[in-house]
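> A single structure is presented below for examination.
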Amino acid sequence: MTRTAALPVDRREAAIDRLAVQWAALAPVTGRPSPVLHARLVALLHRLAARCRDEPFWPARARRLGDDLLRSGLCGEPAGPLHPAEDILPSTLALLREQGPGALGLSGSSRRRLAAVLDELAAGFAAALRDRVHGEHQDLLRTRLAQASTQDVLTRLPNRTVIEQWVHRAFAGITGSGDEPVHVGLCALDLDGFAALNERWGRDVGDRLLVAVAARLRQVVAPHLLARTGGDEFAVLLDDPADPDAVRELGVRVCDALRAPFQVGERSVTLSAGVGVAVATPRMAGPAGLMRAADVALSWAKAQGRGQVAVFDPDHDAEESARATLQGQLDDAIRLGEFRLHYQPIVGLADDRLRGVEALVRWQHPEYGLVMPDRFVEDAERSGAIVALGRWVLEQACAQAAAWWRDRGPDAPYVSVNVSPVELVEPGWAAEVARVIDLTGVPPERIQLEITEQAVLADEATSLAALRALRDAGIRLALDDFGTGYSGLSWLRRLPVHAIKIDGSFVEGLRSAEPDPVDSAIIVAMVHMAHALKLEVTAEWVQTARQAEHLAAIGCDLGQGRWFGDAGPAAAVGAGPGRTIG
């Protein structure tokens, strides 16, 4: 699907102004369009954009735009004669479908909504026009308007309105017993990179290419219903397919057919497309649910790259929806104090004594319960919320470490805190860490910060400067997930770290009585290299006594994993020998 970059406000207004000029030029009048008509069309474009962005989205609200379009003067002033409205309406719809997304700044869901909004505009326009026409001419007019509002003017294919009508008709036979066969399938198609082709070669070449695409698709998908639903978007409706696989197979055939070059004049153009596939079931939430499912699957296909087919999966969709909900609630959750820290023991392999704990963040969500970090940390990093969340984690971890130090003295465990790559390069981050440690009164050596090789490599100069400042302040540093990157001995020597944490994927091979010789040899090499650099070694994911025994025999210093205790509240952390208190 076409992506539209955001424009500054002044450039957006200029784009809307240009689109209004093009729109006014559709009227069969001589001379320059009146300033009044131009102003009315500009106002209509702003309202059109607002209807596409409405939350909740209710396309029927756009029907009033059709009535106001008739009153704008584009088809003649209300008191005077009308221009051929059945010619102006399809031209208007074609112009707004093609130019609207870019000029109005529509992207994502708002762009996909444009087709439905324009359908409602057309319906409102037709209803208002019928009210102004009386007598025998009304039935001739009704026929022409019906054709104009259901047919794409460029390709002469049915438009989105027809697809929606057929989907509603197909759903009418689904009773909801749960045992009936699939009644309808839908393939949503979006050409890859079409906007760039339009910009490079001009709209005329783009239009001819769309006509050629429509002709080829007709041959591939016949006898199924093919429609053009947007600028470079098409849809195929399969009425009562043999099975769900038949719908996906058609999507694959469409992708394969479009890969053959198109000849447009003297140009040979190669295209590809993403296809989203959805099939209706009795449990699906009506016709709108099917069309949404196809659009969602299309977005998955586009995310995978060019020329991909994706099939809608309700379970995956539910996961993505829940994740999107969590992402939107992150900032409020931090402000409302919904996060918790759990602590997982880090134990000496030689004496089974508690040496440290790793602070692991959890989200105590009011609806979903206890949410694990794999469901929100990545989105927090992407949105920037990780900076505020990381500061909260650091403050809580330091306060807990200080409390243990005051209570247990030298027997208190150090607390290890994960550092996001976003935090590591944040200006002033190292100074903020030092401030929190000073404020909570925890000895610096009782705090360990875990970083990854990838985080350092993202901005090596900034990262190394921050890490050196922290080491100079006495704070422990550990290189996490060791063995999964590209660390060489010379590079490891440059890192100002105190310890490495061997990634658990290597420890997995030590479960059996006869450990995997490759994993065992790799761990031996890691331990020897680290000890040569005077670095402490922790092995992660220790699940069994046998793994712990192998690691101790190898000479690994510390172990962490379920064998030593799962992560739990601070009160569950042992005070001396042993691991956790149940």
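Every chain in the structure tokens has a letter given in the order shown (A, B, ...), and although residue numbers restart at 1 in each chain, ligands are simply numbered from 1 in the order shown.
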Find the residues near segment 242-259 of chain A: any atom within 8 Å, counting only C-alpha atoms, skip ones fewer than 6 places away on the same chain, and give them as number ranges by chain.
A: 181-182, 185-187, 213, 216-217, 220-221, 270-279, 307-309, 311
> Show me, as a PyMOL selection string, the residues that have an atom within 12 Å of Leu424 of chain A when counting only C-alpha atoms, minus same-chain residues fewer than 4 positions from it.
chain A and resi 381+386-387+390-391+418-420+428-433+449-467+470
> Residues near segment 513-530 of chain A, anyone? I mean within 10 Å using only C-alpha atoms, not counting same-chain ones fewer than 2 positions away, as a JSON list (two decimals) with N, CA, C and O atoms, in the first residue's frame.

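out21.json, written as the output of this step:
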```json
[["chain", "number", "residue", "atom", "x", "y", "z"],
["A", 482, "PHE", "N", 26.61, -12.88, 25.92],
["A", 482, "PHE", "CA", 27.94, -13.07, 25.34],
["A", 482, "PHE", "C", 27.96, -14.36, 24.51],
["A", 482, "PHE", "O", 27.44, -15.40, 24.91],
["A", 483, "GLY", "N", 28.60, -14.25, 23.34],
["A", 483, "GLY", "CA", 28.70, -15.39, 22.43],
["A", 483, "GLY", "C", 27.78, -15.30, 21.24],
["A", 483, "GLY", "O", 27.95, -16.04, 20.27],
["A", 489, "LEU", "N", 38.79, -11.03, 20.95],
["A", 489, "LEU", "CA", 39.54, -10.77, 22.18],
["A", 489, "LEU", "C", 39.99, -9.32, 22.27],
["A", 489, "LEU", "O", 39.89, -8.69, 23.32],
["A", 492, "LEU", "N", 36.99, -7.11, 23.09],
["A", 492, "LEU", "CA", 36.55, -7.31, 24.46],
["A", 492, "LEU", "C", 37.48, -6.60, 25.44],
["A", 492, "LEU", "O", 37.03, -6.10, 26.48],
["A", 493, "ARG", "N", 38.76, -6.56, 25.12],
["A", 493, "ARG", "CA", 39.72, -5.86, 26.00],
["A", 493, "ARG", "C", 39.43, -4.37, 26.10],
["A", 493, "ARG", "O", 39.71, -3.75, 27.12],
["A", 498, "HIS", "N", 33.26, -5.56, 33.91],
["A", 498, "HIS", "CA", 33.75, -6.40, 34.98],
["A", 498, "HIS", "C", 33.42, -7.87, 34.75],
["A", 498, "HIS", "O", 34.05, -8.75, 35.35],
["A", 499, "ALA", "N", 32.39, -8.14, 33.91],
["A", 499, "ALA", "CA", 31.89, -9.50, 33.80],
["A", 499, "ALA", "C", 31.28, -9.74, 32.44],
["A", 499, "ALA", "O", 30.92, -8.80, 31.72],
["A", 500, "ILE", "N", 31.15, -11.03, 32.09],
["A", 500, "ILE", "CA", 30.37, -11.43, 30.92],
["A", 500, "ILE", "C", 29.29, -12.40, 31.38],
["A", 500, "ILE", "O", 29.45, -13.11, 32.38],
["A", 501, "LYS", "N", 28.17, -12.43, 30.64],
["A", 501, "LYS", "CA", 27.09, -13.37, 30.91],
["A", 501, "LYS", "C", 26.93, -14.23, 29.66],
["A", 501, "LYS", "O", 26.52, -13.73, 28.60],
["A", 502, "ILE", "N", 27.27, -15.52, 29.79],
["A", 502, "ILE", "CA", 27.20, -16.44, 28.65],
["A", 502, "ILE", "C", 25.74, -16.68, 28.29],
["A", 502, "ILE", "O", 24.92, -17.04, 29.14],
["A", 503, "ASP", "N", 25.43, -16.51, 27.02],
["A", 503, "ASP", "CA", 24.05, -16.69, 26.57],
["A", 503, "ASP", "C", 23.58, -18.12, 26.84],
["A", 503, "ASP", "O", 24.31, -19.10, 26.66],
["A", 505, "SER", "N", 21.75, -20.14, 25.27],
["A", 505, "SER", "CA", 21.68, -21.11, 24.19],
["A", 505, "SER", "C", 22.86, -22.08, 24.22],
["A", 505, "SER", "O", 22.75, -23.23, 23.78],
["A", 506, "PHE", "N", 24.01, -21.63, 24.76],
["A", 506, "PHE", "CA", 25.16, -22.52, 24.88],
["A", 506, "PHE", "C", 25.01, -23.47, 26.07],
["A", 506, "PHE", "O", 25.49, -24.60, 26.04],
["A", 507, "VAL", "N", 24.35, -23.00, 27.12],
["A", 507, "VAL", "CA", 24.18, -23.80, 28.33],
["A", 507, "VAL", "C", 23.20, -24.95, 28.08],
["A", 507, "VAL", "O", 23.26, -25.99, 28.73],
["A", 508, "GLU", "N", 22.31, -24.80, 27.12],
["A", 508, "GLU", "CA", 21.31, -25.82, 26.83],
["A", 508, "GLU", "C", 21.96, -27.17, 26.52],
["A", 508, "GLU", "O", 21.42, -28.23, 26.86],
["A", 509, "GLY", "N", 23.13, -27.15, 25.88],
["A", 509, "GLY", "CA", 23.79, -28.39, 25.50],
["A", 509, "GLY", "C", 24.41, -29.15, 26.65],
["A", 509, "GLY", "O", 24.99, -30.23, 26.45],
["A", 510, "LEU", "N", 24.32, -28.62, 27.88],
["A", 510, "LEU", "CA", 24.92, -29.28, 29.04],
["A", 510, "LEU", "C", 23.89, -30.04, 29.89],
["A", 510, "LEU", "O", 24.18, -30.42, 31.01],
["A", 511, "ARG", "N", 22.70, -30.26, 29.38],
["A", 511, "ARG", "CA", 21.64, -30.89, 30.16],
["A", 511, "ARG", "C", 21.92, -32.37, 30.45],
["A", 511, "ARG", "O", 21.58, -32.88, 31.51],
["A", 532, "ALA", "N", 41.26, -14.84, 31.70],
["A", 532, "ALA", "CA", 42.54, -14.24, 31.31],
["A", 532, "ALA", "C", 42.47, -12.72, 31.34],
["A", 532, "ALA", "O", 43.48, -12.04, 31.59],
["A", 533, "LEU", "N", 41.24, -12.19, 31.09],
["A", 533, "LEU", "CA", 41.04, -10.74, 31.15],
["A", 533, "LEU", "C", 40.56, -10.27, 32.51],
["A", 533, "LEU", "O", 40.17, -9.11, 32.67],
["A", 534, "LYS", "N", 40.58, -11.21, 33.49],
["A", 534, "LYS", "CA", 40.15, -10.92, 34.86],
["A", 534, "LYS", "C", 38.68, -10.50, 34.93],
["A", 534, "LYS", "O", 38.30, -9.60, 35.67],
["A", 535, "LEU", "N", 37.85, -11.17, 34.13],
["A", 535, "LEU", "CA", 36.43, -10.92, 34.11],
["A", 535, "LEU", "C", 35.68, -12.07, 34.78],
["A", 535, "LEU", "O", 36.05, -13.24, 34.63],
["A", 536, "GLU", "N", 34.65, -11.74, 35.52],
["A", 536, "GLU", "CA", 33.79, -12.73, 36.14],
["A", 536, "GLU", "C", 32.83, -13.29, 35.08],
["A", 536, "GLU", "O", 32.41, -12.57, 34.18],
["A", 537, "VAL", "N", 32.45, -14.57, 35.23],
["A", 537, "VAL", "CA", 31.61, -15.22, 34.23],
["A", 537, "VAL", "C", 30.33, -15.74, 34.88],
["A", 537, "VAL", "O", 30.38, -16.49, 35.86],
["A", 538, "THR", "N", 29.20, -15.34, 34.31],
["A", 538, "THR", "CA", 27.89, -15.85, 34.73],
["A", 538, "THR", "C", 27.27, -16.63, 33.58],
["A", 538, "THR", "O", 27.28, -16.16, 32.44],
["A", 539, "ALA", "N", 26.75, -17.81, 33.87],
["A", 539, "ALA", "CA", 26.03, -18.60, 32.86],
["A", 539, "ALA", "C", 24.53, -18.44, 33.08],
["A", 539, "ALA", "O", 24.04, -18.60, 34.20],
["A", 546, "ARG", "N", 22.41, -30.95, 36.73],
["A", 546, "ARG", "CA", 23.49, -31.43, 35.88],
["A", 546, "ARG", "C", 24.19, -30.26, 35.17],
["A", 546, "ARG", "O", 25.42, -30.22, 35.08],
["A", 547, "GLN", "N", 23.42, -29.31, 34.68],
["A", 547, "GLN", "CA", 24.02, -28.13, 34.05],
["A", 547, "GLN", "C", 24.88, -27.37, 35.05],
["A", 547, "GLN", "O", 26.00, -26.93, 34.73],
["A", 550, "HIS", "N", 28.18, -29.26, 35.59],
["A", 550, "HIS", "CA", 29.09, -29.11, 34.45],
["A", 550, "HIS", "C", 29.75, -27.73, 34.47],
["A", 550, "HIS", "O", 30.97, -27.60, 34.26],
["A", 551, "LEU", "N", 28.96, -26.73, 34.69],
["A", 551, "LEU", "CA", 29.48, -25.36, 34.67],
["A", 551, "LEU", "C", 30.48, -25.14, 35.80],
["A", 551, "LEU", "O", 31.51, -24.47, 35.62],
["A", 553, "ALA", "N", 32.35, -27.43, 37.12],
["A", 553, "ALA", "CA", 33.56, -28.17, 36.77],
["A", 553, "ALA", "C", 34.39, -27.42, 35.74],
["A", 553, "ALA", "O", 35.63, -27.47, 35.75],
["A", 554, "ILE", "N", 33.72, -26.73, 34.84],
["A", 554, "ILE", "CA", 34.42, -25.94, 33.82],
["A", 554, "ILE", "C", 35.16, -24.76, 34.45],
["A", 554, "ILE", "O", 36.18, -24.30, 33.94],
["A", 555, "GLY", "N", 34.65, -24.26, 35.57],
["A", 555, "GLY", "CA", 35.25, -23.11, 36.22],
["A", 555, "GLY", "C", 34.45, -21.85, 36.10],
["A", 555, "GLY", "O", 34.92, -20.75, 36.44],
["A", 556, "CYS", "N", 33.19, -21.97, 35.60],
["A", 556, "CYS", "CA", 32.30, -20.80, 35.53],
["A", 556, "CYS", "C", 32.02, -20.30, 36.94],
["A", 556, "CYS", "O", 31.85, -21.09, 37.88],
["A", 557, "ASP", "N", 31.96, -19.00, 37.13],
["A", 557, "ASP", "CA", 31.85, -18.41, 38.47],
["A", 557, "ASP", "C", 30.43, -18.44, 39.02],
["A", 557, "ASP", "O", 30.21, -18.85, 40.17]]
```
> What's around Glu320 of chain A at 10 Å? Count only C-alpha atoms, leave out sequence neighbours fewer than 6 positions away in its own chain, and write the answer as a ChimeraX atom specification.
/A:314,326,375
> Considering only C-alpha atoms, tabulate each residue of segment 100-129 of chain A that lies at most 8 Å from segment 55-79 of chain A along with its nearest interatomic pair and the corresponding distance in Å to one decimal; arrange the rows by chain and ascending residue number and present them as a tab-separated table.

```
residue	atom	partner	partner_atom	distance
A:Ala116	CA	A:Pro59	CA	6.3
A:Val117	CA	A:Pro59	CA	5.2
A:Leu118	CA	A:Ala62	CA	7.6
A:Glu120	CA	A:Arg63	CA	4.8
A:Leu121	CA	A:Gly66	CA	4.3
A:Ala122	CA	A:Gly66	CA	5.9
A:Ala123	CA	A:Arg63	CA	6.4
A:Gly124	CA	A:Gly66	CA	4.3
A:Phe125	CA	A:Gly66	CA	3.8
A:Ala126	CA	A:Gly66	CA	7.5
A:Ala127	CA	A:Asp67	CA	7.6
A:Ala128	CA	A:Asp67	CA	5.3
A:Leu129	CA	A:Leu70	CA	7.2
```
> So what do you get for atom CA of Arg382 of chain A versus atom CA of Val422 of chain A, distance-wise?
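Interatomic distance here is 8.8 Å.
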> Let's see if you can do this: from backbone DSSP, list all strand (DSSP E) residues in segment 301-530 of chain A, as JSON, numbers by chain.
{"A": [309, 310, 311, 339, 340, 341, 342, 343, 344, 345, 346, 347, 348, 354, 355, 356, 357, 358, 359, 360, 361, 362, 363, 364, 365, 369, 370, 371, 414, 415, 416, 417, 418, 447, 448, 449, 450, 451, 452, 476, 477, 478, 479, 480, 481, 482, 499, 500, 501, 502]}
> For segment 197-199 of chain A, list every protein, DNA or RNA residue within 12 Å, evaluated using only C-alpha atoms, and leave out those in the same chain fewer than 3 positions away; present the list as a PyMOL selection string.
chain A and resi 2+98-99+102+191-194+202-210+231-232+267+269-271
> I need the residues of segment 398-526 of chain A that end up classed as helix (DSSP H, G or I) by DSSP on the backbone, written out as a VMD selection string.
chain A and resid 398 to 411 421 to 424 429 to 440 444 to 446 453 to 458 460 to 472 489 to 494 504 to 510 517 to 526
